[in-house]
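Student: mmCIF, C-alpha atoms, saved as query14.cif, coming up:
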data_my_file
#
loop_
_atom_site.label_atom_id
_atom_site.label_comp_id
_atom_site.auth_asym_id
_atom_site.auth_seq_id
_atom_site.Cartn_x
_atom_site.Cartn_y
_atom_site.Cartn_z
CA MET A 234 -7.39 27.13 -4.49
CA PRO A 235 -5.29 24.43 -6.10
CA PHE A 236 -1.92 23.51 -4.68
CA ARG A 237 1.34 22.38 -6.18
CA GLU A 238 2.63 18.87 -5.66
CA THR A 239 5.42 18.58 -8.14
CA LYS A 240 7.09 15.57 -6.52
CA TYR A 241 4.64 13.23 -8.18
CA LEU A 242 4.53 14.90 -11.55
CA PRO A 243 6.92 13.41 -14.12
CA HIS A 244 7.02 16.78 -15.83
CA ILE A 245 4.92 19.82 -15.14
CA HIS A 246 3.41 21.93 -17.87
CA GLN A 247 3.46 25.66 -17.71
CA GLY A 248 0.51 26.99 -15.75
CA GLU A 249 -0.50 23.52 -14.62
CA LYS A 250 -1.97 23.22 -11.14
CA VAL A 251 -2.75 20.13 -9.10
CA TYR A 252 -6.33 19.91 -7.87
CA LEU A 253 -6.60 16.42 -6.42
CA ILE A 254 -4.21 13.85 -5.02
CA LEU A 255 -6.08 10.61 -4.52
CA ARG A 256 -5.27 7.41 -2.77
CA ARG A 257 -7.51 4.50 -1.99
CA HIS A 258 -9.81 4.93 1.00
CA TRP A 259 -8.02 4.02 4.25
CA LEU A 260 -10.51 1.21 4.84
CA ILE A 261 -9.06 -0.85 1.98
CA PRO A 262 -5.52 -1.25 3.39
CA ALA A 263 -7.04 -1.47 6.88
CA PHE A 264 -8.92 -4.62 5.85
CA LYS A 265 -5.70 -6.18 4.59
CA ALA A 266 -3.80 -5.15 7.72
CA VAL A 267 -6.54 -6.55 9.96
CA PHE A 268 -6.29 -9.83 8.04
CA TRP A 269 -2.56 -10.11 8.82
CA ILE A 270 -3.10 -9.12 12.47
CA PHE A 271 -5.90 -11.66 12.75
CA LEU A 272 -3.55 -14.37 11.43
CA ILE A 273 -0.95 -13.39 14.04
CA VAL A 274 -3.51 -13.59 16.84
CA VAL A 275 -4.80 -16.96 15.60
CA PHE A 276 -1.26 -18.31 15.37
CA LEU A 277 -0.36 -17.17 18.88
CA LEU A 278 -3.58 -18.59 20.33
CA ALA A 279 -3.03 -21.85 18.44
CA GLN A 280 0.47 -22.05 19.91
CA HIS A 281 -0.92 -21.88 23.48
CA PHE A 282 -3.65 -24.37 22.65
CA LEU A 283 -1.28 -26.86 21.01
CA LYS A 284 1.15 -26.63 23.92
CA ASP A 285 -1.65 -27.59 26.28
CA VAL A 286 -2.86 -30.48 24.12
CA PHE A 287 0.51 -31.86 22.98
CA THR A 288 2.76 -31.84 26.04
CA PHE A 289 5.93 -32.58 24.02
CA LEU A 290 5.58 -29.06 22.59
CA SER A 291 5.82 -27.56 26.08
CA SER A 292 9.46 -28.34 26.73
CA GLY A 293 12.79 -29.08 25.13
CA LEU A 294 13.19 -29.42 21.39
CA GLY A 295 9.45 -29.30 20.70
CA GLU A 296 9.06 -25.95 22.43
CA SER A 297 12.09 -24.48 20.68
CA ILE A 298 10.88 -25.52 17.24
CA THR A 299 7.41 -24.16 17.98
CA ASP A 300 8.93 -20.85 19.03
CA ILE A 301 11.06 -20.73 15.88
CA ILE A 302 8.01 -21.33 13.70
CA ILE A 303 6.09 -18.61 15.54
CA SER A 304 8.98 -16.16 15.08
CA ALA A 305 9.26 -16.97 11.39
CA PHE A 306 5.54 -16.40 10.99
CA LEU A 307 5.77 -13.07 12.83
CA ILE A 308 8.60 -12.03 10.48
CA LEU A 309 6.44 -12.96 7.48
CA SER A 310 3.46 -11.08 8.91
CA LEU A 311 5.55 -7.98 9.50
CA LEU A 312 6.69 -8.12 5.90
CA GLY A 313 3.07 -8.51 4.83
CA LEU A 314 2.01 -5.43 6.80
CA MET A 315 4.91 -3.45 5.34
CA ILE A 316 3.89 -4.43 1.81
CA VAL A 317 0.25 -3.49 2.49
CA TRP A 318 1.23 -0.01 3.64
CA THR A 319 3.82 0.49 0.87
CA MET A 320 1.37 -0.44 -1.86
CA TYR A 321 -1.26 1.88 -0.36
CA TYR A 322 1.21 4.77 -0.08
CA LEU A 323 2.71 4.41 -3.56
CA ASN A 324 -0.55 4.08 -5.54
CA VAL A 325 -1.57 7.65 -6.26
CA GLN A 326 -3.75 9.39 -8.80
CA LEU A 327 -3.53 13.08 -9.54
CA VAL A 328 -5.96 15.38 -11.25
CA THR A 329 -4.39 18.57 -12.51
CA SER A 330 -5.77 21.44 -14.53
CA LYS A 331 -4.60 19.74 -17.72
CA ARG A 332 -4.40 15.96 -17.22
CA ILE A 333 -5.06 12.95 -15.10
CA ILE A 334 -2.04 10.99 -13.91
CA ASP A 335 -2.21 7.46 -12.56
CA ILE A 336 0.87 6.35 -10.62
CA ASN A 337 0.36 2.65 -10.27
CA GLN A 338 2.62 0.46 -8.17
CA LYS A 339 1.42 -2.88 -9.53
CA SER A 340 3.86 -4.84 -7.42
CA ILE A 341 6.93 -4.05 -5.38
CA ILE A 342 9.15 -4.01 -8.47
CA HIS A 343 6.61 -2.90 -11.07
CA HIS A 344 5.98 0.84 -11.25
CA GLU A 345 3.78 2.32 -13.95
CA THR A 346 2.74 5.90 -14.70
CA THR A 347 -0.12 6.70 -17.09
CA GLU A 348 -1.43 10.11 -18.00
CA PHE A 349 -3.93 11.50 -20.41
CA ASP A 350 -5.23 14.93 -21.21
CA LEU A 351 -8.48 16.21 -19.78
CA ASN A 352 -9.65 17.35 -23.22
CA LYS A 353 -10.08 13.66 -24.13
CA VAL A 354 -12.58 13.00 -21.35
CA GLN A 355 -16.02 12.08 -22.65
CA ASP A 356 -17.94 10.41 -19.83
CA VAL A 357 -17.44 10.15 -16.11
CA THR A 358 -19.25 7.44 -14.15
CA THR A 359 -19.40 7.09 -10.38
CA GLU A 360 -20.01 3.81 -8.63
CA VAL A 361 -20.66 3.36 -4.92
CA ARG A 362 -21.49 -0.22 -4.13
CA GLY A 363 -22.22 -1.92 -0.82
CA PRO A 364 -23.16 -0.79 2.70
CA LEU A 365 -19.59 -0.02 3.77
CA ALA A 366 -18.93 2.06 0.67
CA ASN A 367 -22.13 4.02 1.24
CA PHE A 368 -21.45 4.51 4.94
CA PHE A 369 -17.80 5.51 4.56
CA ASP A 370 -18.37 7.35 1.25
CA TYR A 371 -15.91 5.66 -1.04
CA GLY A 372 -16.26 4.12 -4.47
CA ASN A 373 -15.04 3.98 -8.05
CA VAL A 374 -14.95 6.66 -10.71
CA PHE A 375 -14.63 5.58 -14.35
CA VAL A 376 -13.47 8.08 -16.93
CA GLN A 377 -14.22 7.25 -20.53
CA THR A 378 -11.90 8.82 -23.04
CA ALA A 379 -12.32 9.54 -26.71
CA GLY A 380 -10.96 7.32 -29.42
CA THR A 381 -9.20 4.04 -28.94
CA GLU A 382 -7.28 4.97 -25.79
CA GLN A 383 -7.94 2.96 -22.71
CA ASN A 384 -10.52 4.02 -20.18
CA PHE A 385 -9.36 5.16 -16.81
CA GLY A 386 -10.57 4.27 -13.35
CA PHE A 387 -10.13 5.60 -9.84
CA ASP A 388 -10.57 2.60 -7.56
CA HIS A 389 -11.99 2.81 -4.03
CA ILE A 390 -11.39 6.51 -3.61
CA PRO A 391 -13.03 8.68 -0.97
CA SER A 392 -15.78 11.12 -2.03
CA PRO A 393 -16.17 9.73 -5.56
CA HIS A 394 -19.04 12.08 -6.43
CA GLN A 395 -16.91 15.11 -5.60
CA VAL A 396 -14.02 13.71 -7.63
CA ALA A 397 -16.30 13.12 -10.61
CA LYS A 398 -17.64 16.67 -10.39
CA THR A 399 -14.10 18.04 -10.29
CA VAL A 400 -12.99 15.98 -13.28
CA ILE A 401 -16.02 17.07 -15.30
CA ALA A 402 -15.50 20.69 -14.33
CA LEU A 403 -11.82 20.66 -15.21
CA SER A 404 -12.52 18.87 -18.46
CA GLY A 405 -15.06 21.53 -19.30
CA VAL A 406 -12.60 24.30 -18.56
CA VAL A 407 -9.91 22.70 -20.72
CA VAL A 408 -12.28 22.23 -23.65
CA GLY A 409 -13.60 25.72 -23.08
CA ARG A 410 -17.21 24.80 -22.43
CA GLY A 411 -17.36 26.30 -18.94
CA LYS A 412 -15.50 28.69 -16.74
CA ASN A 413 -15.29 29.21 -12.99
CA HIS A 414 -17.24 26.09 -12.10
CA SER A 415 -18.27 26.19 -8.45
CA SER A 416 -16.44 22.97 -7.52
CA LEU A 417 -13.14 24.50 -8.64
CA ASN A 418 -13.45 27.46 -6.31
CA ARG A 419 -13.35 25.34 -3.18
CA PRO A 420 -9.97 24.62 -1.56
CA ALA A 421 -8.33 21.60 -3.09
CA GLU A 422 -8.91 18.36 -1.26
CA ARG A 423 -6.10 16.08 -0.30
CA THR A 424 -7.84 12.70 -0.02
CA MET B 832 19.61 -32.36 19.50
CA SER B 833 22.92 -30.92 18.27
CA ASN B 834 22.39 -32.59 14.85
CA ILE B 835 19.22 -30.69 14.09
CA SER B 836 20.52 -27.23 15.02
CA PRO B 837 22.65 -26.66 11.86
CA ILE B 838 19.75 -27.76 9.65
CA ILE B 839 17.28 -25.41 11.35
CA ASN B 840 19.92 -22.68 11.24
CA LEU B 841 20.37 -23.16 7.49
CA VAL B 842 16.63 -23.26 6.74
CA PHE B 843 15.99 -20.19 8.86
CA HIS B 844 18.77 -18.20 7.18
CA LEU B 845 17.55 -19.17 3.71
CA PHE B 846 14.13 -17.93 4.78
CA MET B 847 15.69 -14.70 6.06
CA ILE B 848 17.56 -14.16 2.77
CA PHE B 849 14.22 -14.27 0.95
CA ILE B 850 12.70 -11.86 3.50
CA MET B 851 15.65 -9.48 3.25
CA VAL B 852 15.63 -9.41 -0.55
CA TYR B 853 11.88 -8.74 -0.70
CA SER B 854 12.14 -6.15 2.06
CA SER B 855 14.97 -4.41 0.19
CA PHE B 856 12.78 -4.07 -2.89
CA ALA B 857 9.95 -2.70 -0.76
CA ILE B 858 12.17 -0.15 1.00
CA PHE B 859 13.80 0.88 -2.29
CA SER B 860 10.40 1.45 -3.94
CA LEU B 861 9.17 3.35 -0.90
CA ILE B 862 12.11 5.74 -0.87
CA ARG B 863 12.40 6.03 -4.65
CA TYR B 864 8.72 6.59 -5.52
CA GLY B 865 7.23 7.83 -2.28
CA LYS B 866 6.23 11.46 -1.95
CA SER B 867 8.05 11.99 1.33
CA GLN B 868 11.52 10.51 1.64
CA VAL B 869 11.61 11.38 5.34
CA LEU B 870 8.48 9.34 5.99
CA GLY B 871 9.91 6.52 3.88
CA PHE B 872 13.09 6.49 5.93
CA ILE B 873 11.24 6.57 9.25
CA ILE B 874 8.96 3.69 8.28
CA SER B 875 11.93 1.74 6.94
CA VAL B 876 13.93 2.25 10.13
CA ILE B 877 10.99 1.15 12.33
CA TYR B 878 10.49 -1.88 10.10
CA ILE B 879 14.19 -2.82 10.21
CA VAL B 880 14.28 -2.45 14.01
CA PHE B 881 11.31 -4.79 14.47
CA MET B 882 12.68 -7.27 11.94
CA SER B 883 16.10 -7.26 13.60
CA GLY B 884 14.52 -7.90 16.98
CA LEU B 885 12.59 -10.89 15.68
CA TYR B 886 15.66 -12.16 13.83
CA PHE B 887 17.93 -12.03 16.88
CA GLN B 888 15.21 -13.56 19.07
CA THR B 889 14.95 -16.51 16.68
CA LEU B 890 18.72 -16.79 16.47
CA PHE B 891 18.88 -16.96 20.25
CA ILE B 892 16.35 -19.81 20.27
CA ILE B 893 18.26 -21.70 17.56
CA LYS B 894 21.54 -21.35 19.47
CA GLY B 895 19.80 -22.85 22.49
CA LEU B 896 19.01 -26.05 20.61
#
Represent the structure contained in this file as structure tokens.

Tutor:
Amino acid sequence: MPFRETKYLPHIHQGEKVYLILRRHWLIPAFKAVFWIFLIVVFLLAQHFLKDVFTFLSSGLGESITDIIISAFLILSLLGLMIVWTMYYLNVQLVTSKRIIDINQKSIIHHETTEFDLNKVQDVTTEVRGPLANFFDYGNVFVQTAGTEQNFGFDHIPSPHQVAKTVIALSGVVVGRGKNHSSLNRPAERT
Amino acid sequence: MSNISPIINLVFHLFMIFIMVYSSFAIFSLIRYGKSQVLGFIISVIYIVFMSGLYFQTLFIIKGL
């Protein structure tokens, strides 16, 4: 059973239902977050090491400046983690009964929304590459559209095969080739 | 020692202005385009609390110079 998520939809068509809300697999922002946390740990360990090696950093002005640099780096790292999460949260793709909508936050101040109708879908390709992608079941889905319009891609989404099946099924329903496809009868997945 | 404190103070506050501006854009985008405004506000408040703590800690160190 599809569900309604009108917050994301710039305008909803009559009878339109939302089947999928997709974000990147959690592993992708986790890698970026781990990178920032790793930098923090390295910096803190380096601070202790440098204080042992260079004794002038252990007291007085040297220690204060070292602490200020560490604090500034922690502030920068916190900002980095915030940006990682914000970009993950704001990049969303929706598949409805009539169209595919890509809400793309390209940078903090660059927001883009693209949509195209499901009746223009010609080919759907699934790509799962690498041991992690196979183990955690995430990958890319490429949707080729008719004519000169740009092709569309779902990047690093969970369960790409299921997403591809849903897109094909919905496209078939829109064009009128098929009805009541089995993948549409399952409860909608929020991924 | 007292000569270097105003310079470090100035550099640190210039750095913080950059951080605050960038953070403002991030928080604005989060609340404006995010699905849940409540979640956006909660994350923003937690972020501001941690940032403020680090800011005041650094300020305390600079004042000790």

Student: What are the residues of chain A lining chain B at 12 Å or less? Count all atoms listed in the file, and put the answer as a VMD selection string.

Tutor: chain A and resid 238 to 243 254 292 to 325 336 to 346

Student: Counting only C-alpha atoms, what is within 8 Å of Pro391 in chain A, bar same-chain residues fewer than 6 positions away, as number ranges by chain?

Tutor: A: 257-258, 369-372, 424

Student: In Å, rounded to a single decimal, give me how far CA of Ile334 in chain A is from CA of Thr347 in chain A.

Tutor: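 For CA of Thr347 in chain A relative to CA of Ile334 in chain A, the distance reads 5.7 Å.
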
Student: How far is it from CA of His246 in chain A to CA of Lys331 in chain A, in Å with one decimal?

Tutor: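 For CA of His246 in chain A relative to CA of Lys331 in chain A, the distance reads 8.3 Å.
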
Student: When you draw a straight line from CA of Gly386 in chain A to CA of Thr358 in chain A, how long is it in Å?

Tutor: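 Between CA of Gly386 in chain A and CA of Thr358 in chain A the gap works out to 9.3 Å.
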
Student: Compile the contact shell of Glu249 in chain A as a PyMOL selection string: residues with an atom at most 9 Å away, counting only C-alpha atoms, same-chain residues fewer than 2 positions apart removed.

Tutor: chain A and resi 237+245-247+251+329-332

Student: Store the residues of this selection in a file with C-alpha atoms, as a JSON list (two decimals), in the coordinates of the input.

Tutor:
[["chain", "number", "residue", "atom", "x", "y", "z"],
["A", 237, "ARG", "CA", 1.34, 22.38, -6.18],
["A", 245, "ILE", "CA", 4.92, 19.82, -15.14],
["A", 246, "HIS", "CA", 3.41, 21.93, -17.87],
["A", 247, "GLN", "CA", 3.46, 25.66, -17.71],
["A", 251, "VAL", "CA", -2.75, 20.13, -9.10],
["A", 329, "THR", "CA", -4.39, 18.57, -12.51],
["A", 330, "SER", "CA", -5.77, 21.44, -14.53],
["A", 331, "LYS", "CA", -4.60, 19.74, -17.72],
["A", 332, "ARG", "CA", -4.40, 15.96, -17.22]]

Student: Quick one: range 850-862 of chain B with N, CA, C and O atoms, as a short mmCIF file (atom, residue, chain, number, x, y, z; two decimals), keeping the file's coordinate frame?

Tutor:
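Once written, rebuild_28.cif looks like this:
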data_model
loop_
_atom_site.label_atom_id
_atom_site.label_comp_id
_atom_site.auth_asym_id
_atom_site.auth_seq_id
_atom_site.Cartn_x
_atom_site.Cartn_y
_atom_site.Cartn_z
N ILE B 850 13.36 -13.01 2.85
CA ILE B 850 12.70 -11.86 3.50
C ILE B 850 13.49 -10.58 3.26
O ILE B 850 12.92 -9.53 2.95
N MET B 851 14.81 -10.68 3.40
CA MET B 851 15.65 -9.48 3.25
C MET B 851 15.62 -8.94 1.82
O MET B 851 15.56 -7.74 1.59
N VAL B 852 15.66 -9.85 0.85
CA VAL B 852 15.63 -9.41 -0.55
C VAL B 852 14.31 -8.70 -0.85
O VAL B 852 14.27 -7.62 -1.43
N TYR B 853 13.20 -9.33 -0.44
CA TYR B 853 11.88 -8.74 -0.70
C TYR B 853 11.72 -7.42 0.04
O TYR B 853 11.17 -6.45 -0.50
N SER B 854 12.21 -7.39 1.27
CA SER B 854 12.14 -6.15 2.06
C SER B 854 12.96 -5.05 1.41
O SER B 854 12.56 -3.88 1.42
N SER B 855 14.11 -5.41 0.85
CA SER B 855 14.97 -4.41 0.19
C SER B 855 14.24 -3.77 -0.98
O SER B 855 14.30 -2.55 -1.17
N PHE B 856 13.55 -4.61 -1.77
CA PHE B 856 12.78 -4.07 -2.89
C PHE B 856 11.70 -3.12 -2.39
O PHE B 856 11.48 -2.05 -2.97
N ALA B 857 11.03 -3.52 -1.29
CA ALA B 857 9.95 -2.70 -0.76
C ALA B 857 10.49 -1.35 -0.28
O ALA B 857 9.92 -0.30 -0.57
N ILE B 858 11.59 -1.39 0.46
CA ILE B 858 12.17 -0.15 1.00
C ILE B 858 12.68 0.73 -0.14
O ILE B 858 12.50 1.95 -0.14
N PHE B 859 13.31 0.11 -1.15
CA PHE B 859 13.80 0.88 -2.29
C PHE B 859 12.64 1.58 -3.00
O PHE B 859 12.72 2.77 -3.31
N SER B 860 11.56 0.86 -3.26
CA SER B 860 10.40 1.45 -3.94
C SER B 860 9.81 2.57 -3.10
O SER B 860 9.41 3.62 -3.63
N LEU B 861 9.75 2.35 -1.80
CA LEU B 861 9.17 3.35 -0.90
C LEU B 861 9.96 4.65 -0.94
O LEU B 861 9.39 5.74 -1.04
N ILE B 862 11.28 4.54 -0.90
CA ILE B 862 12.11 5.74 -0.87
C ILE B 862 12.22 6.36 -2.27
O ILE B 862 12.24 7.58 -2.43
#
